[in-house]
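Novice: This is the content of start30.cif (mmCIF, C-alpha atoms):
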```
data_run
loop_
_atom_site.label_atom_id
_atom_site.label_comp_id
_atom_site.auth_asym_id
_atom_site.auth_seq_id
_atom_site.Cartn_x
_atom_site.Cartn_y
_atom_site.Cartn_z
CA MET A 1337 -41.70 -42.78 35.73
CA ILE A 1338 -40.55 -46.36 35.25
CA ALA A 1339 -37.76 -45.78 32.71
CA ILE A 1340 -35.74 -43.07 30.98
CA ILE A 1341 -36.93 -44.31 27.57
CA TYR A 1342 -40.11 -42.98 25.96
CA PRO A 1343 -42.98 -43.34 26.90
CA PHE A 1344 -41.56 -43.29 30.44
CA PHE A 1345 -44.76 -44.11 32.37
CA PRO A 1346 -46.58 -47.34 33.32
CA GLN A 1347 -50.14 -48.04 32.21
CA GLY A 1348 -52.57 -45.31 33.17
CA THR A 1349 -53.78 -41.81 32.45
CA THR A 1350 -50.34 -40.22 32.08
CA ARG A 1351 -49.12 -42.67 29.44
CA ARG A 1352 -52.37 -42.37 27.46
CA GLN A 1353 -52.04 -38.58 27.48
CA LEU A 1354 -48.41 -38.80 26.38
CA LEU A 1355 -49.02 -41.25 23.54
CA ALA A 1356 -51.96 -39.10 22.39
CA GLN A 1357 -49.49 -36.19 22.14
CA GLU A 1358 -51.54 -34.03 24.47
CA ASN A 1359 -49.86 -30.88 25.77
CA ASN A 1360 -51.09 -31.45 29.34
CA VAL A 1361 -49.79 -34.66 30.91
CA GLN A 1362 -50.66 -35.13 34.57
CA VAL A 1363 -47.74 -36.21 36.78
CA LYS A 1364 -46.98 -36.60 40.47
CA SER A 1365 -44.12 -34.12 40.32
CA CYS A 1366 -42.07 -32.20 37.78
CA TRP A 1367 -38.31 -31.93 38.06
CA ASN A 1368 -36.56 -28.75 36.88
CA GLY A 1369 -39.61 -26.53 36.87
CA MET A 1370 -43.18 -26.07 37.91
CA GLY A 1371 -45.97 -23.56 37.38
CA ILE A 1372 -49.53 -23.02 38.47
CA ARG A 1373 -52.16 -21.29 36.39
CA PRO A 1374 -53.70 -18.60 38.62
CA PRO A 1375 -57.43 -18.92 39.38
CA LEU A 1376 -59.86 -16.39 37.94
CA SER A 1377 -60.51 -14.77 41.31
CA SER A 1378 -56.87 -14.26 42.32
CA LEU A 1379 -54.54 -11.38 41.51
CA SER A 1380 -51.99 -12.33 44.17
CA PHE A 1381 -49.67 -13.85 41.57
CA CYS A 1382 -48.64 -10.51 40.05
CA PRO A 1383 -45.20 -10.27 41.72
CA PHE A 1384 -44.24 -13.54 40.03
CA LEU A 1385 -45.21 -12.43 36.54
CA SER A 1386 -43.00 -10.62 34.08
CA ALA A 1387 -43.42 -6.86 33.84
CA HIS A 1388 -44.58 -7.40 30.26
CA PHE A 1389 -47.68 -9.24 31.47
CA HIS A 1390 -50.81 -7.69 32.93
CA CYS A 1391 -52.44 -9.48 35.87
CA SER A 1392 -55.60 -10.06 33.88
CA TRP A 1393 -53.70 -12.23 31.40
CA LEU A 1394 -54.88 -15.57 32.76
CA THR A 1395 -52.94 -17.45 30.10
CA ALA A 1396 -49.67 -16.51 31.80
CA VAL A 1397 -48.31 -19.33 33.92
CA SER A 1398 -46.76 -18.35 37.21
CA LEU A 1399 -45.80 -19.80 40.57
CA ASN A 1400 -48.36 -19.33 43.32
CA ALA A 1401 -46.64 -17.21 45.99
CA LEU A 1402 -49.20 -17.63 48.75
CA PRO A 1403 -47.98 -20.95 50.23
CA PHE A 1404 -44.41 -19.61 50.37
CA GLN A 1405 -45.57 -16.47 52.18
CA ASN A 1406 -47.57 -18.28 54.86
CA GLU A 1407 -46.20 -16.96 58.18
CA THR A 1408 -47.00 -19.99 60.35
CA ASN A 1409 -46.32 -22.93 58.00
CA PRO A 1410 -44.64 -21.74 54.80
CA LEU A 1411 -44.07 -24.05 51.86
CA GLN A 1412 -40.37 -24.54 51.24
CA PHE A 1413 -37.92 -26.84 49.53
CA ARG A 1414 -36.85 -29.49 51.99
CA ALA A 1415 -35.44 -32.95 52.53
CA ILE A 1416 -36.88 -35.80 54.55
CA ALA A 1417 -35.98 -35.94 58.24
CA SER A 1418 -32.59 -37.45 59.06
CA SER A 1419 -34.21 -39.85 61.52
CA LEU A 1420 -36.42 -41.15 58.69
CA SER A 1421 -33.65 -41.43 56.13
CA LEU A 1422 -31.64 -43.67 58.47
CA GLN A 1423 -34.57 -45.74 59.71
CA ASP A 1424 -33.82 -49.48 59.26
CA GLY A 1425 -31.90 -48.91 56.05
CA TYR A 1426 -31.44 -45.85 53.91
CA LEU A 1427 -34.25 -43.74 52.46
CA GLU A 1428 -33.96 -40.66 50.29
CA GLY A 1429 -36.44 -38.20 48.81
CA SER A 1430 -35.81 -35.49 46.24
CA GLU A 1431 -36.90 -31.95 47.07
CA ALA A 1432 -38.15 -31.65 43.48
CA CYS A 1433 -40.80 -34.25 44.34
CA LEU A 1434 -41.38 -33.42 48.00
CA ILE A 1435 -42.42 -29.84 47.26
CA HIS A 1436 -45.26 -31.12 45.06
CA ALA A 1437 -46.39 -33.45 47.83
CA ASP A 1438 -46.36 -30.49 50.23
CA MET A 1439 -48.36 -28.41 47.75
CA GLN A 1440 -51.24 -30.86 48.14
CA ARG A 1441 -51.54 -29.85 51.79
CA TYR A 1442 -52.39 -26.32 50.67
CA PHE A 1443 -54.63 -27.29 47.76
CA PRO A 1444 -55.92 -30.79 48.68
CA ALA A 1445 -58.95 -30.67 46.41
CA HIS A 1446 -57.55 -28.76 43.44
CA HIS A 1447 -53.78 -29.22 43.25
CA LYS A 1448 -52.62 -31.07 40.17
CA THR A 1449 -49.26 -31.00 38.42
CA PHE A 1450 -49.05 -31.04 34.65
CA LEU A 1451 -46.12 -31.43 32.30
CA ASN A 1452 -46.07 -30.25 28.70
CA PRO A 1453 -44.02 -32.90 26.83
CA LEU A 1454 -44.11 -30.84 23.64
CA VAL A 1455 -41.76 -28.28 25.21
CA ARG A 1456 -38.23 -29.61 24.67
CA VAL A 1457 -35.45 -27.79 26.44
CA SER A 1458 -31.93 -28.99 27.15
CA TYR A 1459 -28.78 -27.97 28.97
CA THR A 1460 -26.56 -28.22 25.89
CA PRO A 1461 -27.04 -27.62 22.14
CA SER A 1462 -26.11 -31.24 21.36
CA ALA A 1463 -28.74 -32.58 23.77
CA PHE A 1464 -31.34 -30.24 22.27
CA GLU A 1465 -30.55 -31.40 18.74
CA SER A 1466 -30.78 -35.01 19.85
CA GLN A 1467 -34.15 -34.55 21.53
CA ASN A 1468 -35.57 -32.68 18.54
CA SER A 1469 -34.11 -34.86 15.80
CA ILE A 1470 -36.07 -36.85 13.24
CA LEU A 1471 -34.60 -40.03 14.72
CA GLN A 1472 -35.95 -39.14 18.15
CA MET A 1473 -39.40 -38.42 16.73
CA PHE A 1474 -39.33 -41.78 14.92
CA LEU A 1475 -38.34 -43.59 18.12
CA GLU A 1476 -41.17 -41.93 20.03
CA ARG A 1477 -43.96 -42.23 17.48
CA ILE A 1478 -43.14 -45.65 16.00
CA ILE A 1479 -40.98 -47.49 18.51
CA GLY A 1480 -42.54 -45.88 21.61
CA PRO A 1481 -45.78 -47.93 21.63
CA LEU A 1482 -43.73 -51.13 21.24
CA VAL A 1483 -41.53 -50.09 24.16
CA ALA A 1484 -44.70 -49.50 26.19
CA ILE A 1485 -45.71 -53.12 25.59
CA ALA A 1486 -42.28 -54.27 26.76
CA TYR A 1487 -42.72 -52.15 29.91
CA ASP A 1488 -46.04 -53.86 30.61
CA VAL A 1489 -44.54 -57.32 30.23
CA ARG A 1490 -41.68 -56.37 32.56
CA ASP A 1491 -44.07 -54.86 35.10
CA TRP A 1492 -46.24 -57.98 35.02
CA CYS A 1493 -43.19 -60.15 35.72
CA LEU A 1494 -41.86 -57.89 38.48
CA ARG A 1495 -45.18 -56.73 39.96
CA SER A 1496 -44.96 -58.65 43.21
CA ARG A 1497 -41.36 -57.53 43.79
CA ILE A 1498 -42.16 -53.88 43.02
CA GLN A 1499 -45.22 -53.95 45.29
CA GLY A 1500 -43.13 -55.56 48.01
CA HIS A 1501 -40.52 -52.79 47.84
CA PHE A 1502 -43.26 -50.14 47.91
CA ALA A 1503 -44.98 -51.77 50.90
CA ALA A 1504 -41.66 -52.01 52.76
CA ARG A 1505 -40.97 -48.29 52.22
CA ARG A 1506 -44.46 -47.34 53.38
CA GLU A 1507 -44.06 -49.44 56.52
CA LYS A 1508 -40.74 -47.72 57.29
CA VAL A 1509 -42.51 -44.37 57.06
CA ARG A 1510 -45.43 -45.54 59.21
CA GLU A 1511 -43.07 -46.88 61.90
CA TRP A 1512 -41.20 -43.57 61.93
CA GLU A 1513 -44.46 -41.61 62.17
CA ARG A 1514 -45.66 -43.74 65.09
CA ALA A 1515 -42.32 -43.34 66.88
CA THR A 1516 -41.90 -39.60 66.36
CA GLY A 1517 -45.45 -38.29 66.04
CA LYS A 1518 -44.41 -36.53 62.84
CA GLU A 1519 -45.86 -36.96 59.35
CA GLU A 1520 -44.25 -37.44 55.95
CA VAL A 1521 -46.73 -36.60 53.19
CA GLY A 1522 -44.29 -37.37 50.40
CA ASP A 1523 -43.92 -41.10 50.95
CA TYR A 1524 -44.34 -41.74 47.21
CA CYS A 1525 -41.18 -39.67 46.64
CA LEU A 1526 -38.97 -41.97 48.70
CA ILE A 1527 -36.48 -44.49 47.39
CA ASP A 1528 -34.27 -46.90 49.27
CA GLN A 1529 -31.15 -45.89 47.37
CA MET A 1530 -28.61 -43.12 47.69
CA GLN A 1531 -28.28 -40.93 44.60
CA LEU A 1532 -24.79 -39.63 43.90
CA LEU A 1533 -23.75 -37.16 41.22
CA THR A 1534 -20.80 -38.55 39.26
CA PRO A 1535 -18.87 -37.20 36.23
CA TRP A 1536 -21.04 -39.38 33.96
CA GLY A 1537 -24.38 -38.59 35.59
CA TRP A 1538 -26.48 -39.83 38.50
CA ALA A 1539 -25.56 -43.10 40.16
CA HIS A 1540 -27.76 -45.14 42.49
CA VAL A 1541 -26.04 -47.02 45.31
#
```
Could I get this structure in the form of structure tokens?
Specialist:
Amino acid sequence: MIAIIYPFFPQGTTRRQLLAQENNVQVKSCWNGMGIRPPLSSLSFCPFLSAHFHCSWLTAVSLNALPFQNETNPLQFRAIASSLSLQDGYLEGSEACLIHADMQRYFPAHHKTFLNPLVRVSYTPSAFESQNSILQMFLERIIGPLVAIAYDVRDWCLRSRIQGHFAARREKVREWERATGKEEVGDYCLIDQMQLLTPWGWAHV
């Protein structure tokens, strides 16, 4: 994501899918929920399905339990290493993103994360009404493409600065990996800001 305003994403496949109103939009990670459609040959997902579903119902979406049950290297929610977060300035990575990066270690050739933007859920009734209002639909369908153009102009103006920040973060990770012999697969999840939860929402410092 590049902004909290629709259509959220920079130029590329994800934005095209979103503007085309597709119900499968490919993303790097999905905050507040994830699911994996079980493959045809696997019935190992049954414990994660509702009792109302039968394991042969391949349309049911469930969370793949196998990586979490791996005895030697289980998949788990995590943070980045403290030594990395304090390396030459502050770095932070959200577990909601890191777990998707870790998933790719288990399914390197097949793992993809999709978001259905047509499903609109909210924490409060007022937020739900706002996100499903006629005004919101108008902003997305009519104003959204214009906002996308504004994003592109901004990105063009700030491209060198954005690429510089990204290169600096990657170099911090590479230096840490060389010094410690460890690996951080979720380098795209990192940000050089601290995120604090305040009474009015998230703050970046």
Novice: For Met1439 of chain A, find every residue with an atom within 9 Å (counting only C-alpha atoms), except residues of its own chain fewer than 6 positions away, and show them as a ChimeraX atom specification.
Specialist: /A:1403,1411,1447
Novice: Take the residues from that selection and put them in a file with C-alpha atoms, as a PDB file, in the coordinates of the input.
Specialist:
```
ATOM      1  CA  PRO A1403     -47.980 -20.950  50.230  1.00  0.00           C
ATOM      2  CA  LEU A1411     -44.070 -24.050  51.860  1.00  0.00           C
ATOM      3  CA  HIS A1447     -53.780 -29.220  43.250  1.00  0.00           C
TER       4      HIS A1447
END
```
Novice: What is the atom CA of Trp1492 of chain A-atom CA of Gln1347 of chain A distance in Å, reported with one decimal?
Specialist: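 Taking atom CA of Trp1492 of chain A and atom CA of Gln1347 of chain A, their separation equals 11.0 Å.
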Novice: Step by step, gather every atom of segment 1524-1534 of chain A that the file lists, find the box along x, y and z that holds them, add 3 Å on each side, and finally give centre and edge lengths in Å to one decimal, as AutoDock Vina command-line options.
Specialist:
```
--center_x -32.6 --center_y -42.0 --center_z 44.3 --size_x 29.5 --size_y 15.7 --size_z 16.0
```
Novice: Residues around (-38.2, -41.3, 61.9), cut-off 10 Å, counting all atoms listed in the file - what are they as a VMD selection string?
Specialist: chain A and resid 1416 to 1424 1508 to 1520
Novice: Which residues, named as in the file, does the PyMOL selection byres ((chain A and resi 1364) around 8) pick out? Answer as a compact mmCIF listing (two decimals) with C-alpha atoms, in the coordinates of the input.
Specialist:
```txt
# COMPACT_ATOMS: atom_id res chain seq x y z
CA GLN A 1362 -50.66 -35.13 34.57
CA VAL A 1363 -47.74 -36.21 36.78
CA SER A 1365 -44.12 -34.12 40.32
CA CYS A 1366 -42.07 -32.20 37.78
CA CYS A 1433 -40.80 -34.25 44.34
CA HIS A 1436 -45.26 -31.12 45.06
CA LYS A 1448 -52.62 -31.07 40.17
CA THR A 1449 -49.26 -31.00 38.42
```
Novice: Please report the interatomic distance between atom CA of Gln1531 of chain A and atom CA of Asn1468 of chain A in Å with one decimal.
Specialist: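 Those two atoms sit 28.3 Å apart.
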Novice: Between atom CA of Ser1430 of chain A and atom CA of Cys1525 of chain A, measure the distance and give it in Å to one decimal.
Specialist: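 Calculated distance between atom CA of Ser1430 of chain A and atom CA of Cys1525 of chain A is 6.8 Å.
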Novice: For the provided coordinates, the residues matched by the PyMOL selection byres ((chain A and resi 1342) around 10) should be stated as a list in words.
Specialist: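 Evaluating the PyMOL selection byres ((chain A and resi 1342) around 10) on this file yields Met1337, Ile1338, Ala1339, Ile1340, Ile1341, Pro1343, Phe1344, Phe1345, Arg1351, Leu1354, Leu1355, Gln1472, Leu1475, Glu1476, Arg1477, Ile1479, Gly1480, Pro1481, Val1483 and Ala1484 of chain A.
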Novice: For each of A:Leu1482, A:Val1457, A:Met1530, A:Leu1427, take the minimum atom-to-atom distance to Arg1506 of chain A, counting only C-alpha atoms, then give the residue where this is smallest.
Specialist: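 Closest to Arg1506 of chain A of all the choices is A:Leu1427.
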Novice: Go through A:Arg1441, A:His1540, A:Arg1352, A:Arg1505 and flag the residue nearest Leu1526 of chain A, using all atoms listed in the file for the distances.
Specialist: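 Checking each of A:Arg1441, A:His1540, A:Arg1352, A:Arg1505 against Leu1526 of chain A, counting all atoms listed in the file, the winner is A:Arg1505.
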Novice: Do you know which residues the PyMOL selection byres ((chain A and resi 1358) around 12) returns on this file, as a PyMOL selection string?
Specialist: chain A and resi 1349-1357+1359-1362+1450-1455
